[in-house]
Amino acid sequence: MQMNNTSHKGWVRISHWIVSVSFMVLAFTGVVILMAHPRLYWGEVGNDLTPALIELPISRNHRHGGWANTTPFFQEAGSPVSASRTFEIFNKNGWGRSLHFLMAWFLVLTGTVYLLAGVFTGHFRRHMVPRRAELGPGLFWREVLDHARLRIRTATGGPHYGLLQKCSYLAVVFVALPLIVVSGLTMSPAITAAYPFLLRLFGGYQSARTIHFFSFVTLMLFLLVHVLMVIRSGFMRQMRGMTLGPKNEN
Amino acid sequence: MKTNQPISRREALIAGLTSMGGLLLSGCAKKLPPTYGNILRMGDNLTYAAHQALLAGDSLVKEYSHNDISSFPATGTTNPADPNSPYFSELYGNLQRGAFADWRISIEGLVTRPGSYSLADLKRFPSRTQITRHVCEEGWCAIAEWTGVPLSRVLAAAGMMPTARFVSFYSYDQWADCIDLFDALHPQTLLAYGMNGRDLSIPHGAPIRLRVERQLGYKSMKYLQRIVVRDEFDDGGKEGNIQNGWSWYVGI
């Protein structure tokens, strides 16, 4: 079989699109879930009766103030309180959460196959790890300046990535995506019962939730730049390269 | 091009994945809750099956210290005795007016000694106190101290039959739910009558609420009325989660 060595392999193309679709649905349902409680905290605990780190104005639940019968639990001053909610909140988590987790299965299973294949086929080593010659500040700053001016090289529609491209792919594959998966799992009470070190790793349930959110923000920014780069570097050839593969294949 | 390999990598991969799926389905099909053809409910069951397969069944959730106790919102039904509540219960209102002196919880189904227990009966069992984190599906959480009788002790006293597999709960605010035996017999699963050193208050489910610590808050049903031991999962019909579009298993 004749294989153009600058084209994306079949398993790269398939996993790229499974991850893309599941990521988009995860992002959408993630926002739906966040809308039910658009407050972020740090540490183990956070709820409407405790101070927030960030309050996002993304649903009618933002600062709804519908609380009654505030009662302290203990005698002493500054005691934690109970209060009853009187406000009917926006909450679509019935389908939002289940769809989120269904899509997470696709992301995690495809991601695992991709990681194994990337290691064993040498894809990461050959295409994503920067070469010795690329290291050093010279090329890095030149590429940063070129990207800032949107002066993007026309792409081959396959590997032969630029230095910044390699760095951002490595950051997404080995940092952002694992972080968003593991911080997501840390929000599961059954999983943290079995693996309590997860709570220590993130410094608590609410810290994990906040890190999950900022990983999402980071990945959305990556997606934005990624799509912009695809457009600037020859949209049709790039799309063909990541879908059907180059014309001379087969 | 076909080569003389007996089986290609791609074929091996596809065969492997399909047989794994087959194993998963045949292994669980009998015990898994109904999905009504809804792909989301199938995903819920997949998550449940994966947790069953991958997580240690006897692990305890983290317990906190007294200083960690936090403010705690009361959500959902906060008083079934309120005539304006959509889940108003006249029966519950009468019990509440009598300070729950006449309250009894019934235990039925696959038990050799079906019957009912008053609040005093439940308090005569050895109690357990635990400070745990309540996680709501909405995204907030809160830490409180719970005192109650481990459900396993009450089930043992009622004489659970060997065919038992699931336990159903029914509440005064017209809700129904079901947990498997791993959760029902878990040492931290309580019929809780105390919260933060006092009697459980009405907004938090008086006189007795369930604590299912390895699942999200809505499994820890408030205002308990009836417990039924079953040999198969029961989704609670129109009062249960599944037919209301919610996952029955919320360990995640």
# chains A, B, ... in the order shown; residues from 1 in each chain; ligands from 1
>>> closest_atom_pairs(of="range 68-141 of chain B", to="range 14-33 of chain A", cutoff="12 Å", atoms="only C-alpha atoms", output="Markdown table")
| residue | atom | partner | partner_atom | distance |
| --- | --- | --- | --- | --- |
| B:Cys136 | CA | A:Ile33 | CA | 11.6 |
| B:Glu137 | CA | A:Ile33 | CA | 8.6 |
| B:Glu138 | CA | A:Ile33 | CA | 7.0 |
| B:Gly139 | CA | A:Ile33 | CA | 7.8 |
| B:Trp140 | CA | A:Ile33 | CA | 11.4 |
>>> write_last_selection(atoms="C-alpha atoms", output="PDB file, in the first residue's frame")
ATOM      1  CA  CYS B 136     -26.315  18.061  44.372  1.00  0.00           C
ATOM      2  CA  GLU B 137     -26.704  17.347  40.656  1.00  0.00           C
ATOM      3  CA  GLU B 138     -27.048  21.125  40.229  1.00  0.00           C
ATOM      4  CA  GLY B 139     -23.347  21.574  41.068  1.00  0.00           C
ATOM      5  CA  TRP B 140     -23.292  22.739  44.679  1.00  0.00           C
TER       6      TRP B 140
END
>>> interface_residues(of="chain A", to="chain B", cutoff="6 Å", atoms="only C-alpha atoms", output="mmCIF file with C-alpha atoms, in the first residue's frame")
data_model
loop_
_atom_site.group_PDB
_atom_site.id
_atom_site.type_symbol
_atom_site.label_atom_id
_atom_site.label_comp_id
_atom_site.auth_asym_id
_atom_site.auth_seq_id
_atom_site.Cartn_x
_atom_site.Cartn_y
_atom_site.Cartn_z
ATOM 1 C CA ALA A 36 -28.314 25.169 36.845
ATOM 2 C CA HIS A 37 -25.748 26.519 39.314
ATOM 3 C CA VAL A 45 -17.636 23.036 49.678
ATOM 4 C CA GLY A 46 -19.683 25.638 47.869
ATOM 5 C CA ASN A 47 -23.375 26.444 47.637
ATOM 6 C CA LEU A 49 -25.287 30.022 51.203
ATOM 7 C CA PRO A 80 -23.394 27.674 59.239
ATOM 8 C CA VAL A 81 -27.056 28.014 58.310
ATOM 9 C CA SER A 82 -29.856 26.180 56.614
ATOM 10 C CA ALA A 83 -32.196 28.010 54.236
ATOM 11 C CA SER A 84 -35.061 26.795 52.082
ATOM 12 C CA ARG A 85 -35.159 27.623 48.385
ATOM 13 C CA GLY A 94 -31.981 15.424 33.577
ATOM 14 C CA SER A 98 -26.858 12.001 30.999
ATOM 15 C CA LEU A 99 -25.942 13.327 27.533
ATOM 16 C CA LEU A 102 -22.737 9.499 27.257
ATOM 17 C CA SER A 188 -18.261 11.730 40.997
ATOM 18 C CA PRO A 189 -19.022 10.653 44.574
ATOM 19 C CA ALA A 190 -18.668 6.945 43.686
ATOM 20 C CA ALA A 193 -15.081 6.976 47.370
ATOM 21 C CA ALA A 194 -12.922 4.408 45.538
#
>>> select_by_dssp(residues="range 87-206 of chain A", states="helix (DSSP H, G or I)", output="PyMOL selection string")
chain A and resi 93-120+123-128+132-134+137-148+163-185+189-194+197-202+205-206
>>> select_by_dssp(residues="range 105-161 of chain B", states="strand (DSSP E or B)", output="PyMOL selection string")
chain B and resi 105-109+111+115-118+128-135+141-150+160
>>> write_last_selection(atoms="C-alpha atoms", output="PDB file, in the first residue's frame")
ATOM      1  CA  ILE B 105     -42.071   3.492  58.340  1.00  0.00           C
ATOM      2  CA  SER B 106     -43.133   0.203  56.788  1.00  0.00           C
ATOM      3  CA  ILE B 107     -40.758  -2.445  55.455  1.00  0.00           C
ATOM      4  CA  GLU B 108     -42.307  -4.800  52.936  1.00  0.00           C
ATOM      5  CA  GLY B 109     -41.494  -7.100  50.061  1.00  0.00           C
ATOM      6  CA  VAL B 111     -38.478  -9.868  54.018  1.00  0.00           C
ATOM      7  CA  GLY B 115     -43.781  -4.642  59.552  1.00  0.00           C
ATOM      8  CA  SER B 116     -43.422  -1.038  60.574  1.00  0.00           C
ATOM      9  CA  TYR B 117     -41.085   0.892  62.825  1.00  0.00           C
ATOM     10  CA  SER B 118     -41.748   4.043  64.826  1.00  0.00           C
ATOM     11  CA  ARG B 128     -24.010   5.729  63.283  1.00  0.00           C
ATOM     12  CA  THR B 129     -22.880   9.367  63.017  1.00  0.00           C
ATOM     13  CA  GLN B 130     -20.942  10.546  59.969  1.00  0.00           C
ATOM     14  CA  ILE B 131     -19.869  13.925  58.574  1.00  0.00           C
ATOM     15  CA  THR B 132     -20.114  13.691  54.799  1.00  0.00           C
ATOM     16  CA  ARG B 133     -20.398  15.843  51.705  1.00  0.00           C
ATOM     17  CA  HIS B 134     -23.804  16.074  50.052  1.00  0.00           C
ATOM     18  CA  VAL B 135     -23.363  16.680  46.314  1.00  0.00           C
ATOM     19  CA  CYS B 141     -22.290  20.703  47.690  1.00  0.00           C
ATOM     20  CA  ALA B 142     -22.491  20.992  51.472  1.00  0.00           C
ATOM     21  CA  ILE B 143     -21.052  19.151  54.471  1.00  0.00           C
ATOM     22  CA  ALA B 144     -23.233  18.020  57.366  1.00  0.00           C
ATOM     23  CA  GLU B 145     -23.201  15.560  60.221  1.00  0.00           C
ATOM     24  CA  TRP B 146     -25.820  12.825  59.916  1.00  0.00           C
ATOM     25  CA  THR B 147     -26.997  10.491  62.662  1.00  0.00           C
ATOM     26  CA  GLY B 148     -29.152   7.488  61.966  1.00  0.00           C
ATOM     27  CA  VAL B 149     -29.463   3.757  61.787  1.00  0.00           C
ATOM     28  CA  PRO B 150     -27.545   1.955  59.038  1.00  0.00           C
ATOM     29  CA  MET B 160     -34.101  -9.888  54.057  1.00  0.00           C
TER      30      MET B 160
END
>>> residues_around(residues="Thr154 in chain A", least_positions_apart="5", cutoff="9 Å", atoms="only C-alpha atoms", output="PyMOL selection string")
chain A and resi 232-234
>>> atom_distance(atom1="CA of Arg230 in chain B", atom2="CA of Gln188 in chain B")
20.8 Å
>>> residues_around(residues="Ser59 in chain A", least_positions_apart="3", cutoff="10 Å", atoms="only C-alpha atoms", output="PyMOL selection string")
chain A and resi 32+34-38+56+62-64+89-91
>>> closest_residue(among="B:Ala81, B:Cys178, B:Ala50, B:Ala99", to="Trp105 in chain A", atoms="only C-alpha atoms")
B:Ala50
>>> atom_distance(atom1="CA of Tyr92 in chain B", atom2="CA of Pro80 in chain B")
6.6 Å
>>> atom_distance(atom1="CA of Phe214 in chain A", atom2="CA of Lys92 in chain A")
21.7 Å
>>> closest_residue(among="B:Leu210, B:Ala101, B:Ala157, B:Leu224", to="Ile179 in chain B", atoms="only C-alpha atoms")
B:Leu210
>>> residues_around(residues="Thr112 in chain A", least_positions_apart="2", cutoff="12 Å", atoms="only C-alpha atoms", output="list of chain:residue names")
A:Ser15, A:Val19, A:Ala104, A:Trp105, A:Phe106, A:Leu107, A:Val108, A:Leu109, A:Thr110, A:Tyr114, A:Leu115, A:Leu116, A:Ala117, A:Gly118, A:Val119, A:Val173, A:Phe174, A:Leu177, A:Pro178, A:Val181
>>> write_last_selection(atoms="N, CA and C atoms", output="PDB file, in the first residue's frame")
ATOM      1  N   SER A  15     -10.403   9.303  14.878  1.00  0.00           N
ATOM      2  CA  SER A  15     -10.448   9.738  16.276  1.00  0.00           C
ATOM      3  C   SER A  15     -10.600  11.265  16.360  1.00  0.00           C
ATOM      4  N   VAL A  19     -13.695  12.706  18.558  1.00  0.00           N
ATOM      5  CA  VAL A  19     -13.392  13.605  19.674  1.00  0.00           C
ATOM      6  C   VAL A  19     -14.003  14.989  19.430  1.00  0.00           C
ATOM      7  N   ALA A 104     -19.039  11.682  27.119  1.00  0.00           N
ATOM      8  CA  ALA A 104     -17.744  11.497  27.781  1.00  0.00           C
ATOM      9  C   ALA A 104     -17.204  10.086  27.521  1.00  0.00           C
ATOM     10  N   TRP A 105     -18.127   9.105  27.410  1.00  0.00           N
ATOM     11  CA  TRP A 105     -17.682   7.750  27.060  1.00  0.00           C
ATOM     12  C   TRP A 105     -16.969   7.757  25.706  1.00  0.00           C
ATOM     13  N   PHE A 106     -17.548   8.451  24.731  1.00  0.00           N
ATOM     14  CA  PHE A 106     -16.921   8.507  23.401  1.00  0.00           C
ATOM     15  C   PHE A 106     -15.556   9.190  23.487  1.00  0.00           C
ATOM     16  N   LEU A 107     -15.491  10.292  24.244  1.00  0.00           N
ATOM     17  CA  LEU A 107     -14.234  11.031  24.363  1.00  0.00           C
ATOM     18  C   LEU A 107     -13.163  10.174  25.038  1.00  0.00           C
ATOM     19  N   VAL A 108     -13.536   9.519  26.137  1.00  0.00           N
ATOM     20  CA  VAL A 108     -12.547   8.771  26.926  1.00  0.00           C
ATOM     21  C   VAL A 108     -12.094   7.517  26.167  1.00  0.00           C
ATOM     22  N   LEU A 109     -13.035   6.780  25.586  1.00  0.00           N
ATOM     23  CA  LEU A 109     -12.646   5.547  24.876  1.00  0.00           C
ATOM     24  C   LEU A 109     -11.828   5.880  23.632  1.00  0.00           C
ATOM     25  N   THR A 110     -12.291   6.862  22.839  1.00  0.00           N
ATOM     26  CA  THR A 110     -11.538   7.242  21.645  1.00  0.00           C
ATOM     27  C   THR A 110     -10.190   7.819  22.036  1.00  0.00           C
ATOM     28  N   TYR A 114      -6.564   6.520  20.901  1.00  0.00           N
ATOM     29  CA  TYR A 114      -5.686   7.480  20.234  1.00  0.00           C
ATOM     30  C   TYR A 114      -4.333   7.576  20.938  1.00  0.00           C
ATOM     31  N   LEU A 115      -4.364   7.650  22.277  1.00  0.00           N
ATOM     32  CA  LEU A 115      -3.106   7.769  23.031  1.00  0.00           C
ATOM     33  C   LEU A 115      -2.233   6.532  22.837  1.00  0.00           C
ATOM     34  N   LEU A 116      -2.865   5.337  22.907  1.00  0.00           N
ATOM     35  CA  LEU A 116      -2.099   4.102  22.725  1.00  0.00           C
ATOM     36  C   LEU A 116      -1.522   4.046  21.312  1.00  0.00           C
ATOM     37  N   ALA A 117      -2.374   4.345  20.323  1.00  0.00           N
ATOM     38  CA  ALA A 117      -1.910   4.294  18.934  1.00  0.00           C
ATOM     39  C   ALA A 117      -0.808   5.327  18.712  1.00  0.00           C
ATOM     40  N   GLY A 118      -0.968   6.509  19.320  1.00  0.00           N
ATOM     41  CA  GLY A 118       0.025   7.573  19.145  1.00  0.00           C
ATOM     42  C   GLY A 118       1.391   7.183  19.680  1.00  0.00           C
ATOM     43  N   VAL A 119       1.382   6.421  20.779  1.00  0.00           N
ATOM     44  CA  VAL A 119       2.648   5.968  21.351  1.00  0.00           C
ATOM     45  C   VAL A 119       3.226   4.838  20.494  1.00  0.00           C
ATOM     46  N   VAL A 173      -3.395  17.405  24.080  1.00  0.00           N
ATOM     47  CA  VAL A 173      -3.481  15.942  24.202  1.00  0.00           C
ATOM     48  C   VAL A 173      -3.000  15.461  25.566  1.00  0.00           C
ATOM     49  N   PHE A 174      -1.921  16.076  26.084  1.00  0.00           N
ATOM     50  CA  PHE A 174      -1.321  15.537  27.306  1.00  0.00           C
ATOM     51  C   PHE A 174      -1.617  16.351  28.561  1.00  0.00           C
ATOM     52  N   LEU A 177      -6.844  17.909  27.902  1.00  0.00           N
ATOM     53  CA  LEU A 177      -7.868  16.859  27.844  1.00  0.00           C
ATOM     54  C   LEU A 177      -7.780  15.898  29.035  1.00  0.00           C
ATOM     55  N   PRO A 178      -6.582  15.401  29.409  1.00  0.00           N
ATOM     56  CA  PRO A 178      -6.526  14.568  30.622  1.00  0.00           C
ATOM     57  C   PRO A 178      -7.025  15.320  31.858  1.00  0.00           C
ATOM     58  N   VAL A 181     -10.820  15.499  31.916  1.00  0.00           N
ATOM     59  CA  VAL A 181     -11.420  14.189  32.213  1.00  0.00           C
ATOM     60  C   VAL A 181     -11.255  13.861  33.697  1.00  0.00           C
TER      61      VAL A 181
END
>>> residues_around(residues="Gly43 in chain A", least_positions_apart="5", cutoff="9 Å", atoms="only C-alpha atoms", output="PyMOL selection string")
chain A and resi 202-208
